[in-house]
Structures are given as C-alpha cells and as structure tokens.
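Trainee: Contents of structure.tsv (TSV, C-alpha atoms) are below:
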```tsv
chain	number	residue	atom	x	y	z
R	321	MET	CA	14.18	-5.42	2.43
R	322	ASN	CA	12.55	-2.39	4.03
R	323	LEU	CA	8.84	-2.23	3.31
R	324	ARG	CA	6.74	0.91	3.89
R	325	ILE	CA	2.99	1.11	3.69
R	326	ILE	CA	2.12	4.79	3.55
R	327	CYS	CA	-1.57	5.43	4.02
R	328	ILE	CA	-3.97	8.28	4.47
R	329	GLY	CA	-6.27	7.89	7.44
R	330	LYS	CA	-6.18	5.96	10.66
R	331	ASN	CA	-8.08	2.82	11.48
R	332	LYS	CA	-11.12	3.60	13.58
R	333	GLU	CA	-11.97	0.04	14.56
R	334	ARG	CA	-9.67	-2.16	16.63
R	335	TYR	CA	-10.24	-5.23	14.45
R	336	TRP	CA	-8.51	-3.54	11.49
R	337	ASP	CA	-5.49	-2.79	13.69
R	338	GLU	CA	-5.44	-6.36	14.98
R	339	ALA	CA	-5.60	-7.85	11.48
R	340	GLY	CA	-2.89	-5.50	10.22
R	341	ALA	CA	-0.70	-6.21	13.25
R	342	GLU	CA	-0.93	-9.96	12.60
R	343	TYR	CA	0.34	-9.58	9.02
R	344	LEU	CA	3.03	-7.12	10.08
R	345	LYS	CA	4.23	-9.68	12.63
R	346	ARG	CA	4.32	-12.38	9.96
R	347	LEU	CA	6.09	-10.12	7.47
R	348	ARG	CA	8.94	-9.50	9.94
R	349	ALA	CA	10.28	-12.96	9.07
R	350	PHE	CA	11.03	-11.67	5.55
R	351	CYS	CA	11.48	-7.91	5.72
R	352	THR	CA	11.33	-4.84	7.94
R	353	PRO	CA	7.76	-3.60	7.52
R	354	GLN	CA	6.51	-0.20	8.59
R	355	VAL	CA	3.06	1.39	8.37
R	356	ILE	CA	3.00	5.17	8.20
R	357	GLU	CA	-0.43	6.66	8.87
R	358	LEU	CA	-1.03	10.22	7.74
R	359	PRO	CA	-4.08	12.32	8.63
R	360	ALA	CA	-6.89	12.47	6.09
R	361	LYS	CA	-7.93	15.88	4.84
R	362	ARG	CA	-11.68	16.37	4.87
R	363	PRO	CA	-13.47	18.12	2.03
R	364	PRO	CA	-16.77	19.89	2.65
R	365	ASP	CA	-19.99	17.95	2.17
R	366	ASP	CA	-20.78	17.48	-1.53
R	367	PRO	CA	-17.39	18.81	-2.70
R	368	ASN	CA	-16.85	20.22	-6.15
R	369	PRO	CA	-13.88	19.09	-8.28
R	370	ALA	CA	-11.68	21.98	-7.13
R	371	GLN	CA	-12.30	21.12	-3.47
R	372	ILE	CA	-11.47	17.46	-4.12
R	373	GLN	CA	-8.28	18.50	-5.90
R	374	ALA	CA	-7.35	20.68	-2.92
R	375	VAL	CA	-7.75	17.64	-0.62
R	376	LEU	CA	-5.63	15.49	-2.95
R	377	ASN	CA	-2.94	18.19	-3.07
R	378	ALA	CA	-2.92	18.56	0.73
R	379	GLU	CA	-2.61	14.78	1.17
R	380	ALA	CA	0.16	14.67	-1.46
R	381	ALA	CA	2.08	17.25	0.58
R	382	LEU	CA	1.97	14.79	3.49
R	383	ILE	CA	2.78	11.68	1.41
R	384	LEU	CA	5.69	12.88	-0.74
R	385	PRO	CA	8.14	13.52	2.15
R	386	LYS	CA	7.46	9.99	3.45
R	387	LEU	CA	8.44	8.28	0.19
R	388	PRO	CA	11.90	6.75	0.03
R	389	ARG	CA	14.44	8.84	-1.82
R	390	ARG	CA	14.41	7.83	-5.50
R	391	GLY	CA	17.30	5.63	-6.49
R	392	ALA	CA	18.28	2.28	-7.95
R	393	ASN	CA	17.55	0.50	-4.69
R	394	THR	CA	14.02	1.91	-4.18
R	395	TYR	CA	10.64	1.08	-5.65
R	396	ILE	CA	7.37	2.94	-5.10
R	397	ALA	CA	3.92	1.56	-5.91
R	398	ALA	CA	0.85	3.80	-5.93
R	399	MET	CA	-2.33	1.91	-5.11
R	400	CYS	CA	-4.95	3.19	-7.55
R	401	ILE	CA	-7.95	1.73	-9.32
R	402	GLU	CA	-6.50	2.41	-12.79
R	403	GLY	CA	-3.31	0.56	-11.91
R	404	GLU	CA	-2.20	-2.85	-13.12
R	405	GLN	CA	-3.78	-5.85	-11.48
R	406	LEU	CA	-1.48	-8.72	-10.46
R	407	ASN	CA	-2.39	-12.08	-9.07
R	408	SER	CA	-0.53	-13.36	-6.01
R	409	LEU	CA	2.06	-15.30	-8.02
R	410	GLU	CA	2.74	-12.27	-10.23
R	411	LEU	CA	3.16	-10.01	-7.19
R	412	SER	CA	5.59	-12.49	-5.67
R	413	GLY	CA	7.51	-12.66	-8.95
R	414	LYS	CA	7.64	-8.87	-9.17
R	415	ILE	CA	9.01	-8.58	-5.63
R	416	SER	CA	11.56	-11.33	-6.32
R	417	SER	CA	12.71	-9.64	-9.52
R	418	LEU	CA	13.06	-6.30	-7.78
R	419	MET	CA	15.11	-7.86	-4.98
R	420	VAL	CA	17.41	-9.54	-7.51
R	421	GLU	CA	17.85	-6.14	-9.19
R	422	GLY	CA	19.03	-4.71	-5.86
R	423	VAL	CA	15.88	-3.01	-4.59
R	424	SER	CA	16.11	-2.89	-0.81
R	425	GLU	CA	13.32	-0.42	-0.07
R	426	MET	CA	9.74	-0.69	-1.31
R	427	ALA	CA	6.86	1.63	-0.53
R	428	PHE	CA	3.17	1.13	-1.23
R	429	VAL	CA	0.94	4.22	-1.03
R	430	ILE	CA	-2.78	3.99	-0.19
R	431	GLY	CA	-4.73	7.22	-0.64
R	432	GLY	CA	-7.74	8.58	1.15
R	433	SER	CA	-11.38	8.49	0.11
R	434	HIS	CA	-10.67	10.42	-3.10
R	435	GLY	CA	-7.60	8.40	-4.08
R	436	LEU	CA	-4.17	9.80	-4.84
R	437	SER	CA	-3.11	12.99	-6.57
R	438	ASP	CA	-1.47	12.84	-9.97
R	439	THR	CA	1.70	14.14	-8.28
R	440	VAL	CA	1.91	11.06	-6.05
R	441	LYS	CA	1.11	8.74	-8.95
R	442	ALA	CA	3.86	10.41	-11.03
R	443	ALA	CA	6.35	9.84	-8.19
R	444	ALA	CA	5.64	6.10	-8.27
R	445	ASP	CA	7.45	3.47	-10.31
R	446	PHE	CA	4.30	1.38	-10.60
R	447	ARG	CA	0.56	1.85	-10.36
R	448	PHE	CA	-0.96	-1.15	-8.63
R	449	SER	CA	-4.63	-2.10	-8.34
R	450	MET	CA	-5.95	-4.97	-6.25
R	451	SER	CA	-9.29	-4.81	-8.04
R	452	ARG	CA	-11.50	-2.59	-10.14
R	453	MET	CA	-13.74	-2.48	-7.08
R	454	THR	CA	-13.38	0.24	-4.47
R	455	PHE	CA	-12.51	-0.75	-0.88
R	456	PRO	CA	-12.36	1.26	2.32
R	457	HIS	CA	-8.75	2.21	3.02
R	458	GLN	CA	-8.74	0.15	6.25
R	459	LEU	CA	-9.67	-3.01	4.33
R	460	ALA	CA	-7.29	-2.18	1.48
R	461	ARG	CA	-4.44	-1.89	3.98
R	462	VAL	CA	-5.16	-5.31	5.50
R	463	MET	CA	-5.58	-6.85	2.04
R	464	LEU	CA	-2.27	-5.38	0.89
R	465	LEU	CA	-0.44	-6.61	4.00
R	466	GLU	CA	-1.90	-10.09	3.53
R	467	GLN	CA	-0.92	-10.17	-0.15
R	468	LEU	CA	2.61	-8.99	0.65
R	469	TYR	CA	2.92	-11.73	3.26
R	470	ARG	CA	1.58	-14.25	0.73
R	471	ALA	CA	4.08	-12.98	-1.88
R	472	PHE	CA	7.00	-13.46	0.49
R	473	MET	CA	5.71	-16.93	1.46
R	474	ILE	CA	5.46	-17.91	-2.22
R	475	ARG	CA	8.97	-16.58	-2.78
R	476	SER	CA	10.33	-18.65	0.12
R	477	GLY	CA	8.51	-21.82	-0.94
R	478	GLY	CA	6.21	-21.72	2.09
R	479	LYS	CA	2.91	-23.56	2.23
R	480	TYR	CA	0.68	-20.56	2.96
R	481	HIS	CA	-0.30	-20.08	-0.71
R	482	LYS	CA	-2.44	-22.81	-2.19
```
As structure tokens, how would this structure be written, given the file I've shared?

Mentor:
Amino acid sequence: MNLRIICIGKNKERYWDEAGAEYLKRLRAFCTPQVIELPAKRPPDDPNPAQIQAVLNAEAALILPKLPRRGANTYIAAMCIEGEQLNSLELSGKISSLMVEGVSEMAFVIGGSHGLSDTVKAAADFRFSMSRMTFPHQLARVMLLEQLYRAFMIRSGGKYHK
C-alpha cells in the first residue's frame, strides 16, 4: 500500500516534524508512506470571499497534480470539517476493506487555513473529518498519521489500540 499525505503548508516548529517522523517510521512496517508539503497561498489581511476563493483555487492547482491518477486501485480522502467522522476501528475497517478491494494507493489531503476548494473535494472518493473542531494543519497532520498507524495496528492485531 502506498500512502500519500498531501498537505498545504510546512511545519514551522521542529516538534511537529519529530512527531510526524515518528509515525511515518512506524507506518513503514505496513505501507510506503509519503508526506507531500505544498506551499500555502496567503490571502490579504481580512480577506473577502472572492480573495479566499482565489487562495483555495491556487492551492487546488498545487494539490490536484499530486493526487494519484484515478482508477480502481486508488482512493482519495479529502480532510474537511463537513466530512464523515470515523472512530479508529471504523477507519481500520475502511482501510482493510479498500485493500481487499484492490486499492494499493491512498491519498489524504489536508488543506490550508481556509480548507479545501470544492474542486479538490470533488476529486476525492471520501470526505473525512477527524472532528467538528478546527485544528491547525500541523496538528491535524500528526493526528492523521497517528490514526493511520493505529488503523494499521488494529488491522494487524497489534496491541497499540486499547
């Protein structure tokens, strides 16, 4: 299984990189993980809706070429607040089902401070939300990596999940 985490913005603090690196290292026992960081586009201070949409469109232009080519063996999840919430067991079950169906490449997309454009969401097979709360993208990335590691551990019968 190839696993891509495509995210807008870079981590500014070393501790986020260290936490992410730890889960990437753990995930390598189950899949080939990759984090793709794309530059955030900055709107002006106090942006109007058109300026926000322009940022979302510019970020979409960076994200879309990084998505795996659509096909029977790919699956794309857009991380967005209006997406479906899954608990850890459900996420593990979803990943297991996808693997049984022949999916060999998964991508999770984390947007910037204004989220994801409708174009990116439409390109996804699934809209996934970790919570109705909003998190900084650095924390969301670490949380996603941890939950993916937990999902693979559950799938393998490991003792990580309690």

Trainee: Excluding Tyr343 of chain R and any residue of its chain fewer than 3 positions from it, enumerate the residues within 7 Å of it, using only C-alpha atoms, and give them as a PDB file with C-alpha atoms, keeping the file's coordinate frame.

Mentor:
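File out-v1.pdb, as written:
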```pdb
ATOM      1  CA  ALA R 339      -5.600  -7.850  11.480  1.00  0.00           C
ATOM      2  CA  GLY R 340      -2.890  -5.500  10.220  1.00  0.00           C
ATOM      3  CA  ARG R 346       4.320 -12.380   9.960  1.00  0.00           C
ATOM      4  CA  LEU R 347       6.090 -10.120   7.470  1.00  0.00           C
ATOM      5  CA  LEU R 465      -0.440  -6.610   4.000  1.00  0.00           C
ATOM      6  CA  GLU R 466      -1.900 -10.090   3.530  1.00  0.00           C
ATOM      7  CA  TYR R 469       2.920 -11.730   3.260  1.00  0.00           C
TER       8      TYR R 469
END
```

Trainee: Applying 12 Å and all atoms listed in the file, which residues near segment 362-367 of chain R remain after dropping the ones on its own chain fewer than 4 positions away? List them as a PyMOL selection string.

Mentor: chain R and resi 328-329+371-379+432-434

Trainee: Which distance in Å separates atom CA of Ile325 of chain R and atom CA of Glu425 of chain R, to one decimal?

Mentor: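 Rounded to one decimal, the two atoms are 11.1 Å apart.
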
Trainee: Neighbours of Arg461 of chain R within 10 Å (all atoms listed in the file; same-chain residues fewer than 5 positions away dropped), as a compact mmCIF listing (two decimals) with C-alpha atoms, in the frame of the given file?

Mentor:
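Generated output (result.txt):
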```
# COMPACT_ATOMS: atom_id res chain seq x y z
CA ILE R 325 2.99 1.11 3.69
CA ILE R 326 2.12 4.79 3.55
CA CYS R 327 -1.57 5.43 4.02
CA ASN R 331 -8.08 2.82 11.48
CA TRP R 336 -8.51 -3.54 11.49
CA ASP R 337 -5.49 -2.79 13.69
CA ALA R 339 -5.60 -7.85 11.48
CA GLY R 340 -2.89 -5.50 10.22
CA VAL R 355 3.06 1.39 8.37
CA PHE R 428 3.17 1.13 -1.23
CA VAL R 429 0.94 4.22 -1.03
CA ILE R 430 -2.78 3.99 -0.19
CA PHE R 455 -12.51 -0.75 -0.88
CA PRO R 456 -12.36 1.26 2.32
CA GLU R 466 -1.90 -10.09 3.53
CA GLN R 467 -0.92 -10.17 -0.15
```

Trainee: Do you know which residues are at most 9 Å from Ala427 of chain R counting all atoms listed in the file, after dropping those on the same chain fewer than 2 positions away, and could you put them as a list in words?

Mentor: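 Using all atoms listed in the file, the neighbours found are Asn322, Leu323, Arg324, Ile325, Ile326, Leu387, Pro388, Thr394, Tyr395, Ile396, Ala397, Ala398, Glu425 and Val429 of chain R.
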
Trainee: For the residues in that selection, give me C-alpha atoms as a short mmCIF file (atom, residue, chain, number, x, y, z; two decimals), keeping the file's coordinate frame.

Mentor:
```cif
data_model
loop_
_atom_site.label_atom_id
_atom_site.label_comp_id
_atom_site.auth_asym_id
_atom_site.auth_seq_id
_atom_site.Cartn_x
_atom_site.Cartn_y
_atom_site.Cartn_z
CA ASN R 322 12.55 -2.39 4.03
CA LEU R 323 8.84 -2.23 3.31
CA ARG R 324 6.74 0.91 3.89
CA ILE R 325 2.99 1.11 3.69
CA ILE R 326 2.12 4.79 3.55
CA LEU R 387 8.44 8.28 0.19
CA PRO R 388 11.90 6.75 0.03
CA THR R 394 14.02 1.91 -4.18
CA TYR R 395 10.64 1.08 -5.65
CA ILE R 396 7.37 2.94 -5.10
CA ALA R 397 3.92 1.56 -5.91
CA ALA R 398 0.85 3.80 -5.93
CA GLU R 425 13.32 -0.42 -0.07
CA VAL R 429 0.94 4.22 -1.03
#
```

Trainee: Rounded to one decimal in Å, what is the spacing between atom CA of Val462 of chain R and atom CA of Gly422 of chain R?

Mentor: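 Going from atom CA of Val462 of chain R over to atom CA of Gly422 of chain R covers 26.7 Å.
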
Trainee: My list of candidates is R:Gln458, R:Thr352, R:Ser476, R:Thr439. Which is closest to Tyr335 of chain R when distances are computed with only C-alpha atoms?

Mentor: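 Looking at the shortest contact to Tyr335 of chain R, the residue is R:Gln458.
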
Trainee: Around (-5.3, -0.5, -7.4) in the file's own coordinates, what residues are found within 8 Å if you use all atoms listed in the file, given back as a PyMOL selection string?

Mentor: chain R and resi 398-405+447-452

Trainee: For a quick check of understanding, using all atoms listed in the file, which of R:Ile356, R:Leu411, R:Ala471, R:Lys345 has the smallest distance to Pro385 of chain R?

Mentor: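 Residue with the minimum atom-to-atom distance to Pro385 of chain R: R:Ile356.
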
Trainee: Distance atom CA of Ser437 of chain R-atom CA of Leu384 of chain R, one decimal place?

Mentor: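 Between atom CA of Ser437 of chain R and atom CA of Leu384 of chain R the gap is 10.6 Å.
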
Trainee: I'd like to know which of R:Leu382, R:Leu464, R:Gln354, R:Ala341 is closest to Val440 of chain R, using all atoms listed in the file.

Mentor: R:Leu382

Trainee: Limit the output to all heavy atoms and give segment 340-353 of chain R as a PDB file, in the first residue's frame.

Mentor:
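What ended up in result_7.pdb:
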```pdb
ATOM      1  N   GLY R 340       5.625  13.781  13.541  1.00  0.00           N
ATOM      2  CA  GLY R 340       5.249  13.194  12.254  1.00  0.00           C
ATOM      3  C   GLY R 340       6.241  12.139  11.801  1.00  0.00           C
ATOM      4  O   GLY R 340       5.848  11.080  11.306  1.00  0.00           O
ATOM      5  N   ALA R 341       7.532  12.424  11.983  1.00  0.00           N
ATOM      6  CA  ALA R 341       8.568  11.470  11.575  1.00  0.00           C
ATOM      7  C   ALA R 341       8.453  10.163  12.350  1.00  0.00           C
ATOM      8  O   ALA R 341       8.682   9.079  11.787  1.00  0.00           O
ATOM      9  CB  ALA R 341       9.959  12.079  11.770  1.00  0.00           C
ATOM     10  N   GLU R 342       8.093  10.244  13.616  1.00  0.00           N
ATOM     11  CA  GLU R 342       7.932   9.020  14.419  1.00  0.00           C
ATOM     12  C   GLU R 342       6.817   8.143  13.857  1.00  0.00           C
ATOM     13  O   GLU R 342       6.979   6.934  13.697  1.00  0.00           O
ATOM     14  CB  GLU R 342       7.649   9.374  15.878  1.00  0.00           C
ATOM     15  CG  GLU R 342       7.404   8.181  16.768  1.00  0.00           C
ATOM     16  CD  GLU R 342       8.582   7.220  16.863  1.00  0.00           C
ATOM     17  OE1 GLU R 342       9.751   7.656  16.708  1.00  0.00           O
ATOM     18  OE2 GLU R 342       8.339   6.016  17.110  1.00  0.00           O
ATOM     19  N   TYR R 343       5.678   8.743  13.511  1.00  0.00           N
ATOM     20  CA  TYR R 343       4.576   7.945  12.966  1.00  0.00           C
ATOM     21  C   TYR R 343       4.862   7.478  11.547  1.00  0.00           C
ATOM     22  O   TYR R 343       4.459   6.371  11.174  1.00  0.00           O
ATOM     23  CB  TYR R 343       3.242   8.692  13.074  1.00  0.00           C
ATOM     24  CG  TYR R 343       2.793   8.758  14.513  1.00  0.00           C
ATOM     25  CD1 TYR R 343       2.776   9.941  15.213  1.00  0.00           C
ATOM     26  CD2 TYR R 343       2.447   7.591  15.196  1.00  0.00           C
ATOM     27  CE1 TYR R 343       2.399   9.987  16.540  1.00  0.00           C
ATOM     28  CE2 TYR R 343       2.070   7.627  16.526  1.00  0.00           C
ATOM     29  CZ  TYR R 343       2.046   8.830  17.191  1.00  0.00           C
ATOM     30  OH  TYR R 343       1.689   8.855  18.515  1.00  0.00           O
ATOM     31  N   LEU R 344       5.573   8.261  10.778  1.00  0.00           N
ATOM     32  CA  LEU R 344       5.983   7.795   9.442  1.00  0.00           C
ATOM     33  C   LEU R 344       6.891   6.576   9.562  1.00  0.00           C
ATOM     34  O   LEU R 344       6.748   5.609   8.809  1.00  0.00           O
ATOM     35  CB  LEU R 344       6.695   8.912   8.681  1.00  0.00           C
ATOM     36  CG  LEU R 344       5.805  10.000   8.100  1.00  0.00           C
ATOM     37  CD1 LEU R 344       6.643  11.169   7.606  1.00  0.00           C
ATOM     38  CD2 LEU R 344       4.935   9.441   6.982  1.00  0.00           C
ATOM     39  N   LYS R 345       7.812   6.615  10.510  1.00  0.00           N
ATOM     40  CA  LYS R 345       8.708   5.472  10.739  1.00  0.00           C
ATOM     41  C   LYS R 345       7.898   4.235  11.121  1.00  0.00           C
ATOM     42  O   LYS R 345       8.120   3.140  10.585  1.00  0.00           O
ATOM     43  CB  LYS R 345       9.713   5.815  11.842  1.00  0.00           C
ATOM     44  CG  LYS R 345      10.711   4.704  12.143  1.00  0.00           C
ATOM     45  CD  LYS R 345      11.728   5.146  13.182  1.00  0.00           C
ATOM     46  CE  LYS R 345      11.077   5.040  14.551  1.00  0.00           C
ATOM     47  NZ  LYS R 345      11.994   5.305  15.658  1.00  0.00           N
ATOM     48  N   ARG R 346       6.934   4.399  12.006  1.00  0.00           N
ATOM     49  CA  ARG R 346       6.106   3.266  12.423  1.00  0.00           C
ATOM     50  C   ARG R 346       5.243   2.743  11.275  1.00  0.00           C
ATOM     51  O   ARG R 346       5.046   1.536  11.140  1.00  0.00           O
ATOM     52  CB  ARG R 346       5.211   3.676  13.587  1.00  0.00           C
ATOM     53  CG  ARG R 346       5.960   3.979  14.856  1.00  0.00           C
ATOM     54  CD  ARG R 346       5.003   4.398  15.946  1.00  0.00           C
ATOM     55  NE  ARG R 346       5.697   4.825  17.155  1.00  0.00           N
ATOM     56  CZ  ARG R 346       5.102   4.983  18.322  1.00  0.00           C
ATOM     57  NH1 ARG R 346       3.796   4.760  18.447  1.00  0.00           N
ATOM     58  NH2 ARG R 346       5.774   5.378  19.374  1.00  0.00           N
ATOM     59  N   LEU R 347       4.725   3.644  10.464  1.00  0.00           N
ATOM     60  CA  LEU R 347       3.872   3.238   9.348  1.00  0.00           C
ATOM     61  C   LEU R 347       4.624   2.412   8.312  1.00  0.00           C
ATOM     62  O   LEU R 347       4.026   1.587   7.617  1.00  0.00           O
ATOM     63  CB  LEU R 347       3.266   4.467   8.666  1.00  0.00           C
ATOM     64  CG  LEU R 347       2.003   5.032   9.291  1.00  0.00           C
ATOM     65  CD1 LEU R 347       1.718   6.430   8.764  1.00  0.00           C
ATOM     66  CD2 LEU R 347       0.819   4.104   9.048  1.00  0.00           C
ATOM     67  N   ARG R 348       5.933   2.594   8.206  1.00  0.00           N
ATOM     68  CA  ARG R 348       6.722   1.872   7.191  1.00  0.00           C
ATOM     69  C   ARG R 348       6.668   0.359   7.374  1.00  0.00           C
ATOM     70  O   ARG R 348       6.975  -0.378   6.439  1.00  0.00           O
ATOM     71  CB  ARG R 348       8.165   2.379   7.197  1.00  0.00           C
ATOM     72  CG  ARG R 348       8.283   3.743   6.558  1.00  0.00           C
ATOM     73  CD  ARG R 348       9.721   4.209   6.393  1.00  0.00           C
ATOM     74  NE  ARG R 348       9.716   5.578   5.912  1.00  0.00           N
ATOM     75  CZ  ARG R 348       9.925   6.646   6.684  1.00  0.00           C
ATOM     76  NH1 ARG R 348      10.215   6.514   7.958  1.00  0.00           N
ATOM     77  NH2 ARG R 348       9.875   7.847   6.167  1.00  0.00           N
ATOM     78  N   ALA R 349       6.260  -0.111   8.548  1.00  0.00           N
ATOM     79  CA  ALA R 349       6.094  -1.549   8.753  1.00  0.00           C
ATOM     80  C   ALA R 349       4.880  -2.083   7.991  1.00  0.00           C
ATOM     81  O   ALA R 349       4.780  -3.289   7.748  1.00  0.00           O
ATOM     82  CB  ALA R 349       5.940  -1.843  10.249  1.00  0.00           C
ATOM     83  N   PHE R 350       3.964  -1.189   7.595  1.00  0.00           N
ATOM     84  CA  PHE R 350       2.702  -1.611   6.981  1.00  0.00           C
ATOM     85  C   PHE R 350       2.497  -1.098   5.556  1.00  0.00           C
ATOM     86  O   PHE R 350       1.710  -1.668   4.802  1.00  0.00           O
ATOM     87  CB  PHE R 350       1.526  -1.113   7.827  1.00  0.00           C
ATOM     88  CG  PHE R 350       1.582  -1.557   9.253  1.00  0.00           C
ATOM     89  CD1 PHE R 350       1.983  -0.679  10.249  1.00  0.00           C
ATOM     90  CD2 PHE R 350       1.267  -2.863   9.606  1.00  0.00           C
ATOM     91  CE1 PHE R 350       2.044  -1.081  11.571  1.00  0.00           C
ATOM     92  CE2 PHE R 350       1.332  -3.275  10.926  1.00  0.00           C
ATOM     93  CZ  PHE R 350       1.724  -2.385  11.908  1.00  0.00           C
ATOM     94  N   CYS R 351       3.143   0.002   5.224  1.00  0.00           N
ATOM     95  CA  CYS R 351       2.891   0.634   3.932  1.00  0.00           C
ATOM     96  C   CYS R 351       4.094   1.499   3.569  1.00  0.00           C
ATOM     97  O   CYS R 351       5.057   1.592   4.326  1.00  0.00           O
ATOM     98  CB  CYS R 351       1.618   1.492   3.994  1.00  0.00           C
ATOM     99  SG  CYS R 351       1.695   2.856   5.175  1.00  0.00           S
ATOM    100  N   THR R 352       4.005   2.135   2.418  1.00  0.00           N
ATOM    101  CA  THR R 352       5.035   3.081   1.989  1.00  0.00           C
ATOM    102  C   THR R 352       4.433   4.481   2.104  1.00  0.00           C
ATOM    103  O   THR R 352       3.713   4.926   1.205  1.00  0.00           O
ATOM    104  CB  THR R 352       5.465   2.788   0.536  1.00  0.00           C
ATOM    105  OG1 THR R 352       5.892   1.431   0.450  1.00  0.00           O
ATOM    106  CG2 THR R 352       6.593   3.710   0.107  1.00  0.00           C
ATOM    107  N   PRO R 353       4.689   5.147   3.244  1.00  0.00           N
ATOM    108  CA  PRO R 353       4.086   6.468   3.446  1.00  0.00           C
ATOM    109  C   PRO R 353       4.933   7.588   2.854  1.00  0.00           C
ATOM    110  O   PRO R 353       6.162   7.486   2.764  1.00  0.00           O
ATOM    111  CB  PRO R 353       4.032   6.590   4.969  1.00  0.00           C
ATOM    112  CG  PRO R 353       5.236   5.832   5.424  1.00  0.00           C
ATOM    113  CD  PRO R 353       5.404   4.697   4.441  1.00  0.00           C
TER     114      PRO R 353
END
```
